[in-house]
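Structure file coords.tsv; described as TSV, C-alpha atoms.
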```tsv
chain	number	residue	atom	x	y	z
V	1	MET	CA	-136.42	-180.12	-122.10
V	2	ASP	CA	-137.95	-176.87	-123.17
V	3	PRO	CA	-135.68	-173.87	-122.63
V	4	ARG	CA	-137.14	-171.00	-120.61
V	5	THR	CA	-136.98	-167.32	-121.34
V	6	PRO	CA	-136.28	-163.88	-119.65
V	7	ALA	CA	-132.63	-161.31	-118.31
V	8	ARG	CA	-129.07	-159.47	-115.84
V	9	THR	CA	-127.21	-156.24	-116.29
V	10	THR	CA	-123.80	-156.99	-117.74
V	11	ARG	CA	-120.66	-156.82	-115.63
V	12	ALA	CA	-118.69	-153.84	-116.86
V	13	ALA	CA	-114.93	-154.06	-117.10
V	14	LEU	CA	-113.29	-152.71	-113.96
V	15	ALA	CA	-111.51	-149.39	-114.00
V	16	ALA	CA	-108.57	-149.05	-111.64
V	17	ALA	CA	-110.06	-145.93	-110.13
V	18	ALA	CA	-113.29	-147.74	-109.30
V	19	VAL	CA	-111.42	-150.56	-107.59
V	20	ALA	CA	-109.41	-148.10	-105.53
V	21	ALA	CA	-112.51	-146.16	-104.58
V	22	ILE	CA	-114.26	-149.25	-103.25
V	23	ALA	CA	-111.19	-150.52	-101.44
V	24	LEU	CA	-110.87	-147.17	-99.67
V	25	GLY	CA	-114.59	-146.92	-98.99
V	26	LEU	CA	-114.87	-143.72	-101.03
V	27	GLY	CA	-117.54	-144.82	-103.53
V	28	ALA	CA	-121.01	-143.36	-103.57
V	29	CYS	CA	-123.15	-144.91	-100.88
V	30	SER	CA	-126.47	-144.83	-99.09
V	31	SER	CA	-126.74	-144.60	-95.34
V	32	GLY	CA	-129.51	-145.77	-93.08
V	33	SER	CA	-132.61	-143.60	-92.99
V	34	ASP	CA	-133.71	-141.84	-89.80
V	35	ALA	CA	-137.28	-143.04	-89.85
V	36	GLY	CA	-139.09	-145.65	-91.89
V	37	THR	CA	-141.48	-144.53	-94.58
V	38	ALA	CA	-143.24	-147.82	-95.14
V	39	SER	CA	-143.38	-151.45	-94.17
V	40	GLY	CA	-144.32	-154.72	-95.79
V	41	SER	CA	-147.96	-153.88	-95.13
V	42	SER	CA	-147.57	-150.47	-96.83
V	43	THR	CA	-147.87	-148.60	-93.55
V	44	PRO	CA	-145.34	-146.07	-92.23
V	45	GLY	CA	-142.32	-147.52	-90.44
V	46	ALA	CA	-142.67	-147.23	-86.70
V	47	GLY	CA	-139.12	-146.03	-86.10
V	48	THR	CA	-135.91	-147.14	-84.44
V	49	GLY	CA	-136.18	-150.43	-82.59
V	50	SER	CA	-139.89	-150.90	-83.24
V	51	ALA	CA	-139.47	-154.43	-84.64
V	52	ILE	CA	-137.37	-155.88	-81.82
V	53	SER	CA	-137.02	-155.85	-78.03
V	54	ALA	CA	-134.96	-153.22	-76.24
V	55	GLU	CA	-132.40	-155.88	-75.33
V	56	ARG	CA	-132.03	-157.03	-78.95
V	57	CYS	CA	-131.88	-153.41	-80.09
V	58	ALA	CA	-128.92	-152.83	-77.79
V	59	GLU	CA	-127.16	-155.92	-79.15
V	60	ASN	CA	-127.65	-154.75	-82.73
V	61	GLU	CA	-126.48	-151.23	-81.96
V	62	ALA	CA	-123.35	-152.69	-80.36
V	63	ALA	CA	-122.47	-154.23	-83.74
V	64	GLY	CA	-121.68	-150.70	-84.92
V	65	PRO	CA	-121.76	-149.44	-88.51
V	66	ILE	CA	-122.47	-152.12	-91.11
V	67	THR	CA	-121.44	-151.85	-94.77
V	68	PHE	CA	-123.17	-153.91	-97.43
V	69	LEU	CA	-121.39	-154.27	-100.79
V	70	THR	CA	-123.70	-154.80	-103.75
V	71	GLY	CA	-122.85	-157.22	-106.52
V	72	TYR	CA	-122.95	-154.60	-109.26
V	73	ASN	CA	-123.71	-150.92	-108.69
V	74	TYR	CA	-127.38	-150.27	-107.78
V	75	GLN	CA	-128.72	-152.83	-110.22
V	76	ALA	CA	-132.23	-154.05	-109.44
V	77	SER	CA	-131.14	-157.64	-108.89
V	78	ALA	CA	-132.12	-159.98	-106.11
V	79	SER	CA	-129.69	-159.53	-103.19
V	80	ILE	CA	-129.27	-155.86	-104.15
V	81	LEU	CA	-132.62	-154.15	-104.62
V	82	GLU	CA	-134.24	-155.49	-101.47
V	83	VAL	CA	-131.31	-154.35	-99.32
V	84	ILE	CA	-131.62	-150.86	-100.79
V	85	ALA	CA	-135.36	-150.98	-100.14
V	86	ALA	CA	-134.91	-152.22	-96.56
V	87	ASP	CA	-132.75	-149.16	-95.94
V	88	GLU	CA	-135.13	-146.73	-97.63
V	89	LEU	CA	-138.27	-148.22	-96.09
V	90	GLY	CA	-136.82	-147.93	-92.60
V	91	TYR	CA	-136.67	-151.66	-91.87
V	92	PHE	CA	-133.04	-151.53	-90.75
V	93	ASP	CA	-133.91	-148.67	-88.40
V	94	ASP	CA	-136.76	-150.78	-87.03
V	95	LEU	CA	-134.09	-153.39	-86.22
V	96	CYS	CA	-131.54	-150.92	-84.77
V	97	LEU	CA	-129.05	-151.56	-87.58
V	98	ASP	CA	-126.82	-148.80	-88.94
V	99	VAL	CA	-126.40	-149.89	-92.56
V	100	THR	CA	-124.46	-148.21	-95.36
V	101	ILE	CA	-124.81	-149.49	-98.93
V	102	GLN	CA	-121.66	-149.53	-101.07
V	103	PRO	CA	-121.95	-150.11	-104.85
V	104	GLY	CA	-119.84	-153.02	-106.10
V	105	THR	CA	-118.05	-153.25	-109.44
V	106	GLY	CA	-119.11	-156.75	-110.44
V	107	ASP	CA	-115.72	-158.22	-109.51
V	108	THR	CA	-116.68	-161.00	-107.09
V	109	GLY	CA	-113.04	-161.70	-106.29
V	110	LEU	CA	-112.62	-158.13	-105.05
V	111	SER	CA	-115.91	-158.32	-103.16
V	112	ASN	CA	-114.74	-161.43	-101.31
V	113	GLN	CA	-111.39	-159.86	-100.49
V	114	LEU	CA	-113.05	-156.77	-99.01
V	115	LEU	CA	-115.44	-158.99	-97.09
V	116	ALA	CA	-112.70	-161.21	-95.67
V	117	ALA	CA	-110.66	-158.13	-94.70
V	118	GLY	CA	-113.59	-156.71	-92.74
V	119	GLN	CA	-113.82	-153.58	-94.89
V	120	VAL	CA	-117.43	-154.61	-95.56
V	121	GLN	CA	-119.58	-156.86	-93.38
V	122	PHE	CA	-122.01	-158.25	-95.99
V	123	ALA	CA	-121.72	-158.78	-99.74
V	124	ALA	CA	-123.80	-160.18	-102.57
V	125	VAL	CA	-121.82	-163.17	-103.92
V	126	SER	CA	-122.95	-166.49	-105.36
V	127	GLN	CA	-122.50	-169.81	-103.60
V	128	GLN	CA	-119.98	-170.84	-106.24
V	129	ASP	CA	-117.98	-167.67	-105.51
V	130	VAL	CA	-117.99	-168.44	-101.78
V	131	ILE	CA	-116.47	-171.85	-102.52
V	132	THR	CA	-113.85	-170.51	-104.94
V	133	ALA	CA	-112.95	-167.74	-102.45
V	134	GLN	CA	-112.28	-170.33	-99.78
V	135	ASP	CA	-110.24	-172.33	-102.28
V	136	ASN	CA	-108.08	-169.21	-102.70
V	137	GLY	CA	-107.66	-168.79	-98.95
V	138	VAL	CA	-110.20	-165.96	-98.68
V	139	ASP	CA	-112.37	-166.56	-95.62
V	140	VAL	CA	-116.02	-165.64	-96.18
V	141	LYS	CA	-119.22	-167.34	-95.02
V	142	GLY	CA	-122.34	-167.91	-97.12
V	143	ILE	CA	-125.53	-167.20	-95.16
V	144	SER	CA	-128.44	-167.26	-97.60
V	145	SER	CA	-129.56	-167.96	-101.15
V	146	TYR	CA	-132.93	-167.44	-102.81
V	147	SER	CA	-132.69	-170.08	-105.52
V	148	ASP	CA	-130.64	-173.04	-106.77
V	149	ALA	CA	-131.00	-171.67	-110.31
V	150	GLY	CA	-128.10	-169.59	-111.55
V	151	LEU	CA	-128.30	-166.51	-113.75
V	152	GLU	CA	-125.96	-167.75	-116.49
V	153	ILE	CA	-127.63	-168.80	-119.75
V	154	LEU	CA	-126.84	-169.58	-123.37
V	155	MET	CA	-128.80	-167.94	-126.18
V	156	THR	CA	-129.27	-169.18	-129.74
V	157	GLU	CA	-131.35	-168.34	-132.76
V	158	THR	CA	-134.86	-169.79	-132.51
V	159	SER	CA	-134.04	-172.24	-135.31
V	160	VAL	CA	-131.82	-174.22	-132.92
V	161	LYS	CA	-133.91	-177.00	-131.38
V	162	ASP	CA	-131.16	-179.10	-129.78
V	163	LEU	CA	-127.87	-178.01	-128.24
V	164	LYS	CA	-126.09	-180.75	-130.18
V	165	GLU	CA	-126.74	-178.58	-133.25
V	166	LEU	CA	-124.05	-176.22	-131.91
V	167	ASP	CA	-121.28	-178.71	-132.64
V	168	GLY	CA	-118.67	-177.07	-134.86
V	169	THR	CA	-120.25	-173.60	-134.55
V	170	ILE	CA	-119.07	-170.31	-132.95
V	171	LEU	CA	-119.95	-169.45	-129.35
V	172	GLY	CA	-119.54	-165.92	-128.03
V	173	GLN	CA	-118.51	-165.46	-124.40
V	174	LYS	CA	-117.25	-162.59	-122.29
V	175	GLY	CA	-113.81	-163.80	-121.34
V	176	ASN	CA	-114.55	-167.35	-120.27
V	177	LEU	CA	-117.23	-169.96	-120.69
V	178	PRO	CA	-119.25	-170.24	-117.46
V	179	VAL	CA	-118.81	-173.71	-116.01
V	180	THR	CA	-122.58	-174.03	-115.69
V	181	VAL	CA	-123.05	-173.42	-119.41
V	182	GLU	CA	-120.25	-175.85	-120.27
V	183	ALA	CA	-121.86	-178.48	-118.04
V	184	MET	CA	-125.24	-177.89	-119.69
V	185	LEU	CA	-123.77	-178.37	-123.15
V	186	ALA	CA	-122.09	-181.60	-122.04
V	187	GLU	CA	-125.30	-182.81	-120.37
V	188	ALA	CA	-127.19	-182.13	-123.60
V	189	GLY	CA	-124.73	-184.25	-125.56
V	190	ALA	CA	-122.98	-181.42	-127.40
V	191	ASP	CA	-119.31	-181.82	-128.38
V	192	VAL	CA	-117.95	-178.84	-126.45
V	193	ALA	CA	-114.43	-179.31	-127.82
V	194	SER	CA	-115.73	-178.81	-131.37
V	195	ILE	CA	-117.35	-175.46	-130.53
V	196	GLN	CA	-115.15	-172.47	-131.37
V	197	GLN	CA	-115.21	-169.92	-128.55
V	198	VAL	CA	-114.63	-166.23	-129.23
V	199	THR	CA	-114.56	-163.32	-126.82
V	200	VAL	CA	-117.22	-160.71	-127.55
V	201	GLY	CA	-118.23	-157.46	-125.92
V	202	TYR	CA	-121.44	-156.63	-124.10
V	203	ASP	CA	-123.62	-155.96	-127.16
V	204	PRO	CA	-125.93	-159.01	-127.53
V	205	SER	CA	-126.87	-158.04	-131.09
V	206	VAL	CA	-123.85	-160.06	-132.29
V	207	LEU	CA	-126.16	-163.07	-132.05
V	208	PRO	CA	-129.06	-161.93	-134.28
V	209	ARG	CA	-126.52	-160.35	-136.66
V	210	GLY	CA	-125.05	-163.83	-137.18
V	211	GLN	CA	-121.56	-163.02	-135.93
V	212	VAL	CA	-121.87	-165.92	-133.47
V	213	ASN	CA	-124.17	-168.93	-133.36
V	214	SER	CA	-124.65	-168.86	-129.61
V	215	LEU	CA	-123.99	-166.34	-126.88
V	216	THR	CA	-123.58	-166.52	-123.11
V	217	GLY	CA	-125.38	-164.05	-120.89
V	218	PHE	CA	-127.60	-163.60	-117.87
V	219	ILE	CA	-131.25	-164.54	-117.78
V	220	SER	CA	-132.37	-161.14	-116.52
V	221	ASN	CA	-130.41	-159.03	-118.97
V	222	GLU	CA	-129.62	-159.90	-122.59
V	223	PRO	CA	-132.93	-161.60	-123.50
V	224	ALA	CA	-134.84	-158.47	-122.49
V	225	LEU	CA	-132.43	-156.22	-124.39
V	226	LEU	CA	-132.81	-158.33	-127.51
V	227	GLU	CA	-136.58	-158.48	-127.17
V	228	ALA	CA	-136.70	-154.69	-126.86
V	229	ALA	CA	-134.75	-154.50	-130.13
V	230	GLY	CA	-137.24	-156.80	-131.82
V	231	ASP	CA	-134.96	-159.84	-131.92
V	232	GLU	CA	-136.21	-163.27	-130.88
V	233	VAL	CA	-133.82	-165.81	-129.39
V	234	THR	CA	-134.09	-169.10	-127.57
V	235	VAL	CA	-132.80	-169.13	-124.00
V	236	TRP	CA	-131.17	-172.27	-122.64
V	237	ARG	CA	-130.89	-172.52	-118.85
V	238	PRO	CA	-128.40	-174.81	-117.07
V	239	TYR	CA	-131.02	-175.23	-114.33
V	240	ASP	CA	-133.24	-177.08	-116.81
V	241	TYR	CA	-130.42	-179.61	-117.27
V	242	ASP	CA	-129.98	-180.17	-113.51
V	243	VAL	CA	-126.84	-178.04	-113.36
V	244	PRO	CA	-126.57	-176.39	-109.91
V	245	GLY	CA	-126.23	-172.65	-109.33
V	246	SER	CA	-127.46	-169.94	-107.02
V	247	LEU	CA	-129.37	-166.69	-107.30
V	248	GLY	CA	-129.61	-163.88	-104.75
V	249	ALA	CA	-126.98	-165.27	-102.38
V	250	LEU	CA	-125.38	-163.30	-99.54
V	251	ALA	CA	-122.16	-163.76	-97.58
V	252	VAL	CA	-120.82	-162.28	-94.33
V	253	ASN	CA	-117.47	-161.62	-92.72
V	254	PRO	CA	-117.07	-164.66	-90.40
V	255	ALA	CA	-115.60	-162.72	-87.47
V	256	PHE	CA	-118.42	-160.18	-87.62
V	257	ALA	CA	-120.96	-163.00	-87.67
V	258	ASP	CA	-119.38	-164.71	-84.67
V	259	GLU	CA	-119.38	-161.49	-82.66
V	260	ASN	CA	-122.79	-160.17	-83.75
V	261	PRO	CA	-125.21	-163.04	-84.49
V	262	THR	CA	-128.38	-161.03	-83.88
V	263	ALA	CA	-127.20	-158.30	-86.24
V	264	VAL	CA	-126.64	-160.91	-88.97
V	265	GLU	CA	-130.05	-162.44	-88.34
V	266	ASP	CA	-131.77	-159.06	-88.44
V	267	PHE	CA	-129.89	-157.86	-91.50
V	268	LEU	CA	-131.39	-160.87	-93.25
V	269	ARG	CA	-134.77	-160.31	-91.58
V	270	GLY	CA	-134.96	-156.72	-92.83
V	271	SER	CA	-133.71	-157.62	-96.30
V	272	PHE	CA	-136.15	-160.52	-96.70
V	273	HIS	CA	-139.03	-158.42	-95.39
V	274	ALA	CA	-138.16	-155.85	-98.05
V	275	PHE	CA	-137.92	-158.58	-100.71
V	276	GLU	CA	-141.47	-159.63	-99.94
V	277	TYR	CA	-142.57	-155.99	-100.18
V	278	CYS	CA	-140.76	-155.32	-103.47
V	279	ALA	CA	-141.82	-158.63	-105.02
V	280	ASP	CA	-145.40	-157.37	-104.89
V	281	GLU	CA	-146.05	-155.82	-108.31
V	282	ALA	CA	-147.84	-152.95	-106.60
V	283	ASN	CA	-144.57	-151.94	-104.91
V	284	SER	CA	-141.87	-152.93	-107.40
V	285	ALA	CA	-141.73	-149.56	-109.21
V	286	GLU	CA	-141.27	-147.81	-105.87
V	287	CYS	CA	-138.36	-150.10	-105.00
V	288	VAL	CA	-136.67	-149.65	-108.39
V	289	ASP	CA	-137.04	-145.90	-107.92
V	290	PHE	CA	-135.06	-146.15	-104.67
V	291	ALA	CA	-132.16	-147.62	-106.65
V	292	ALA	CA	-132.59	-145.11	-109.47
V	293	THR	CA	-132.31	-142.23	-107.04
V	294	LEU	CA	-129.04	-143.59	-105.67
V	295	ALA	CA	-127.62	-144.31	-109.12
V	296	GLY	CA	-128.40	-140.99	-110.77
V	297	ASP	CA	-129.64	-139.84	-114.16
V	298	THR	CA	-127.99	-142.57	-116.23
V	299	TYR	CA	-129.98	-145.33	-114.52
V	300	ASP	CA	-132.25	-147.26	-116.91
V	301	ALA	CA	-135.26	-147.72	-114.63
V	302	ALA	CA	-137.36	-149.51	-117.24
V	303	HIS	CA	-134.69	-152.13	-117.91
V	304	ASN	CA	-133.94	-152.55	-114.22
V	305	ALA	CA	-137.64	-153.10	-113.56
V	306	GLN	CA	-137.41	-156.00	-116.05
V	307	VAL	CA	-134.30	-157.32	-114.29
V	308	TRP	CA	-136.15	-157.36	-110.97
V	309	ALA	CA	-139.34	-158.89	-112.35
V	310	THR	CA	-137.41	-161.63	-114.13
V	311	GLU	CA	-135.32	-162.60	-111.11
V	312	VAL	CA	-138.35	-162.55	-108.80
V	313	GLY	CA	-140.07	-164.82	-111.30
V	314	VAL	CA	-137.16	-167.27	-111.34
V	315	ILE	CA	-137.04	-167.31	-107.53
V	316	ASP	CA	-140.78	-167.93	-107.31
V	317	GLU	CA	-140.59	-170.69	-109.94
V	318	THR	CA	-137.65	-172.53	-108.36
V	319	LYS	CA	-138.32	-172.12	-104.64
V	320	THR	CA	-138.49	-175.28	-102.56
V	321	ALA	CA	-141.95	-175.78	-101.08
V	322	GLY	CA	-142.07	-175.58	-97.31
V	323	THR	CA	-138.83	-173.63	-96.90
V	324	ALA	CA	-138.43	-169.99	-95.95
V	325	LEU	CA	-137.01	-167.36	-98.27
V	326	GLY	CA	-133.21	-167.45	-98.30
V	327	THR	CA	-132.87	-170.99	-96.92
V	328	ILE	CA	-129.53	-172.56	-97.87
V	329	ASP	CA	-129.94	-175.88	-99.68
V	330	LEU	CA	-126.89	-177.86	-98.58
V	331	ALA	CA	-127.61	-180.51	-101.22
V	332	ASN	CA	-127.16	-177.75	-103.80
V	333	VAL	CA	-123.88	-176.73	-102.14
V	334	ASP	CA	-122.73	-180.35	-102.47
V	335	ALA	CA	-123.74	-180.37	-106.15
V	336	ILE	CA	-121.83	-177.13	-106.82
V	337	ALA	CA	-118.73	-178.57	-105.15
V	338	GLU	CA	-118.99	-181.69	-107.29
V	339	LEU	CA	-119.40	-179.56	-110.42
V	340	LEU	CA	-116.30	-177.51	-109.58
V	341	ASN	CA	-114.37	-180.70	-108.92
V	342	GLU	CA	-115.48	-182.27	-112.20
V	343	TYR	CA	-114.34	-179.26	-114.24
V	344	ASP	CA	-111.10	-178.71	-112.28
V	345	ILE	CA	-112.07	-175.20	-111.20
V	346	LEU	CA	-110.50	-175.58	-107.76
V	347	SER	CA	-106.84	-175.91	-106.81
V	348	ALA	CA	-107.55	-179.27	-105.17
V	349	PRO	CA	-110.55	-181.62	-104.96
V	350	LEU	CA	-113.09	-180.44	-102.39
V	351	ASP	CA	-114.95	-182.74	-100.03
V	352	THR	CA	-118.65	-181.92	-99.80
V	353	ALA	CA	-118.44	-181.76	-96.00
V	354	ASP	CA	-115.77	-179.06	-96.31
V	355	ALA	CA	-117.90	-177.23	-98.87
V	356	GLU	CA	-120.85	-177.23	-96.49
V	357	SER	CA	-118.63	-175.76	-93.75
V	358	TYR	CA	-118.31	-172.60	-95.85
V	359	PHE	CA	-122.02	-171.92	-95.29
V	360	ASP	CA	-124.12	-171.31	-92.18
V	361	PRO	CA	-127.88	-171.95	-92.56
V	362	SER	CA	-128.57	-171.11	-88.91
V	363	PHE	CA	-129.12	-167.38	-89.45
V	364	VAL	CA	-132.06	-167.90	-91.80
V	365	GLU	CA	-133.37	-170.70	-89.58
V	366	ALA	CA	-133.33	-168.32	-86.60
V	367	ILE	CA	-135.61	-165.79	-88.31
V	368	SER	CA	-138.00	-168.31	-89.85
V	369	ASP	CA	-141.13	-170.08	-88.70
V	370	GLY	CA	-141.75	-172.87	-91.18
V	371	ASP	CA	-141.80	-171.22	-94.59
V	372	GLN	CA	-142.35	-167.72	-93.21
V	373	ILE	CA	-139.89	-164.99	-92.24
V	374	VAL	CA	-140.82	-163.71	-88.78
V	375	TRP	CA	-141.57	-159.97	-88.65
V	376	PRO	CA	-141.35	-158.31	-86.21
V	377	ALA	CA	-138.79	-160.30	-84.26
V	378	PRO	CA	-140.11	-162.19	-81.23
```
With the file now loaded, output its structure as structure tokens.
Amino acid sequence: MDPRTPARTTRAALAAAAVAAIALGLGACSSGSDAGTASGSSTPGAGTGSAISAERCAENEAAGPITFLTGYNYQASASILEVIAADELGYFDDLCLDVTIQPGTGDTGLSNQLLAAGQVQFAAVSQQDVITAQDNGVDVKGISSYSDAGLEILMTETSVKDLKELDGTILGQKGNLPVTVEAMLAEAGADVASIQQVTVGYDPSVLPRGQVNSLTGFISNEPALLEAAGDEVTVWRPYDYDVPGSLGALAVNPAFADENPTAVEDFLRGSFHAFEYCADEANSAECVDFAATLAGDTYDAAHNAQVWATEVGVIDETKTAGTALGTIDLANVDAIAELLNEYDILSAPLDTADAESYFDPSFVEAISDGDQIVWPAP
């Protein structure tokens, strides 16, 4: 199979102060806007409750304040940027939702703990992370995913034409080898045990400098950084070797979902409506600017625009025809469970039926008509 190209912002190491700030809800955040400034059709937002009935508006208002925890800061990734945009464009106001956006640290374990504890109501976490959270006794519920393709990749010099050529070479990783990359290597016939693994930092130039022969990363990050530096690499995607993953997945606090189903549906409705707006190249710069404004002067808008464009491209390439944006593919959930079982990631073998119980496709189904997200709500 031919490897594909493109890139994700790296997960910075956690500082204790950052963890404490998030746990206490003291981190920088964005609150819901008072009136919408635009909509998916590029017209001004109509204002509070304009996209739903008065009865549904009352139900959503009864849900109270909602906190969404991003996966990593205000990065322009799928499952982050569109939520920021939904807030800034007034879509959440149109749905009578009072949403605050809290920047995450990249620690998915911490995100799941905050979610299960009810300190946040929604969080951006992968389907694999939902399953491993449940395995650790942390109760969260997966409610959507944009793609069955994960973000993890392996990069090599362009001279490498077959992953079996990596046998006996040095692989750079950031603390552990992602199970999806390990499974890809095994599927390609590489002798994983013969590959020497070393822990490297977040500078991808170790690959073109020859310090390692291969390097793990994220499809929407390192390849773009290397390309900007004038270095060409080959990108190997687990997805191309039928290894399951997820991109742009969201999870909810189960108790909140049980008590406030319309709020969960409309949080997704507003987010997906904003995704469709921001996925339009004519609007993407505007959406990235929303995130840049929240993040401050150190935000690399140009790189984040590449992150967004790459992830939107992957989602568009890998979407299942005839399904609405965000639809959970339970067959993919089964495949992830089987992968985690095969590589002994979980404390005990997981039955696929139990794995499926950690996800609820009904919220996306409720806001969809065929392959379309319904806006405004009926």
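Between atom CA of Leu95 of chain V and atom CA of Val374 of chain V there is a distance of 12.6 Å.
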Padding 5 Å on every side, please: axis-aligned box over the listed atoms of segment 230-242 of chain V, centre and edge lengths to one decimal in Å, as AutoDock Vina command-line options.
```
--center_x -132.8 --center_y -168.5 --center_z -122.7 --size_x 18.8 --size_y 33.4 --size_z 28.4
```
Using all atoms listed in the file, I'd like a table of the residues in segment 58-119 of chain V that come within 7 Å of segment 125-142 of chain V; for each, show the closest atom pair and its distance in Å rounded to one decimal, ordered by chain and ascending number, as JSON lines.
```
{"residue": "V:Gly71", "atom": "CA", "partner": "V:Val125", "partner_atom": "CA", "distance": 6.6}
{"residue": "V:Thr108", "atom": "CA", "partner": "V:Val125", "partner_atom": "CA", "distance": 6.4}
{"residue": "V:Asn112", "atom": "CA", "partner": "V:Ala133", "partner_atom": "CA", "distance": 6.7}
{"residue": "V:Gln113", "atom": "CA", "partner": "V:Val138", "partner_atom": "CA", "distance": 6.5}
{"residue": "V:Leu115", "atom": "CA", "partner": "V:Val140", "partner_atom": "CA", "distance": 6.7}
{"residue": "V:Ala116", "atom": "CA", "partner": "V:Asp139", "partner_atom": "CA", "distance": 5.4}
```
Point out the residue among V:Ala251, V:Ala193, V:Ala321, V:Leu185 with the least atom-to-atom distance to Gln372 of chain V, counting only C-alpha atoms.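 Checking each of V:Ala251, V:Ala193, V:Ala321, V:Leu185 against Gln372 of chain V, counting only C-alpha atoms, the winner is V:Ala321.
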Name the closest residue to Glu82 of chain V among the candidates V:Ala291, V:Ala282, V:Ala149, V:Ala183; distances are taken between atoms, counting all atoms listed in the file.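 Using all atoms listed in the file, the shortest distance to Glu82 of chain V belongs to V:Ala291.
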Just to confirm, what's the straight-line distance from atom CA of Leu69 of chain V to atom CA of Phe290 of chain V in Å (one decimal)?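 Computed distance, atom CA of Leu69 of chain V to atom CA of Phe290 of chain V, equals 16.4 Å.
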Compare V:Glu157, V:Asp242, V:Glu259, V:Glu227 by their minimum atom-to-atom distance to Leu215 of chain V, counting only C-alpha atoms, and give me the closest one.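 Smallest distance to Leu215 of chain V is found for V:Glu157.
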What gap, in Å, lies between atom CA of Asp94 of chain V and atom CA of Ala377 of chain V? 10.1 Å
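The closest residue to Asn73 of chain V, picked from V:Ser53, V:Asn332, V:Ser147, V:Asn304 and counting all atoms listed in the file, is V:Asn304.
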Within 8 Å of (-130.7, -152.8, -96.5) (coordinates as in the file), grab all the protein and nucleic acid residues, counting only C-alpha atoms, and write them out as a ChimeraX atom specification. /V:32,68,82-88,91-92,99-101,267,270-271
V:Leu339, V:Leu325, V:Ala263, V:Ala186: which is nearest Cys57 of chain V, counting only C-alpha atoms?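 Of the candidates, the smallest distance to Cys57 of chain V is held by V:Ala263.
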Might you pull out every residue within 10 Å of Val264 of chain V, with all atoms listed in the file counted and same-chain residues fewer than 5 positions away left off, and present them as number ranges by chain? V: 60, 63, 66, 97, 121-122, 143, 252-253, 256-259, 269, 363-364
Excluding Asp354 of chain V and any residue of its chain fewer than 3 positions from it, enumerate the residues within 10 Å of it, using only C-alpha atoms, and give them as a ChimeraX atom specification. /V:131,334,337,350-351,357-359
With only C-alpha atoms as the counted atoms, please give the residues lying no more than 12 Å from Ile219 of chain V, apart from itself and same-chain residues fewer than 3 positions off, as an NGL selection string. :V and (3-10 or 77 or 149-155 or 215-216 or 222-226 or 233-239 or 247 or 306-314)
Which polymer residues have any atom within 10 Å of an atom of Ala331 of chain V, counting only C-alpha atoms, with same-chain residues fewer than 6 positions away left out, as a list in words? Asp148, Pro244, Ala337, Thr352 and Glu356 of chain V
What's around Gly172 of chain V at 9 Å? Count only C-alpha atoms, leave out sequence neighbours fewer than 2 positions away in its own chain, and write the answer as a list in words. Ile170, Lys174, Leu177, Gln196, Gln197, Val198, Thr199, Val200, Gly201, Val206, Leu207, Gln211, Val212, Asn213, Ser214, Leu215 and Thr216 of chain V
Counting all atoms listed in the file, select every polymer residue within 10 Å of (-117.8, -178.1, -117.5) as defined in the file's coordinates, and provide the selection as a ChimeraX atom specification. /V:177-187,192,243,339-345
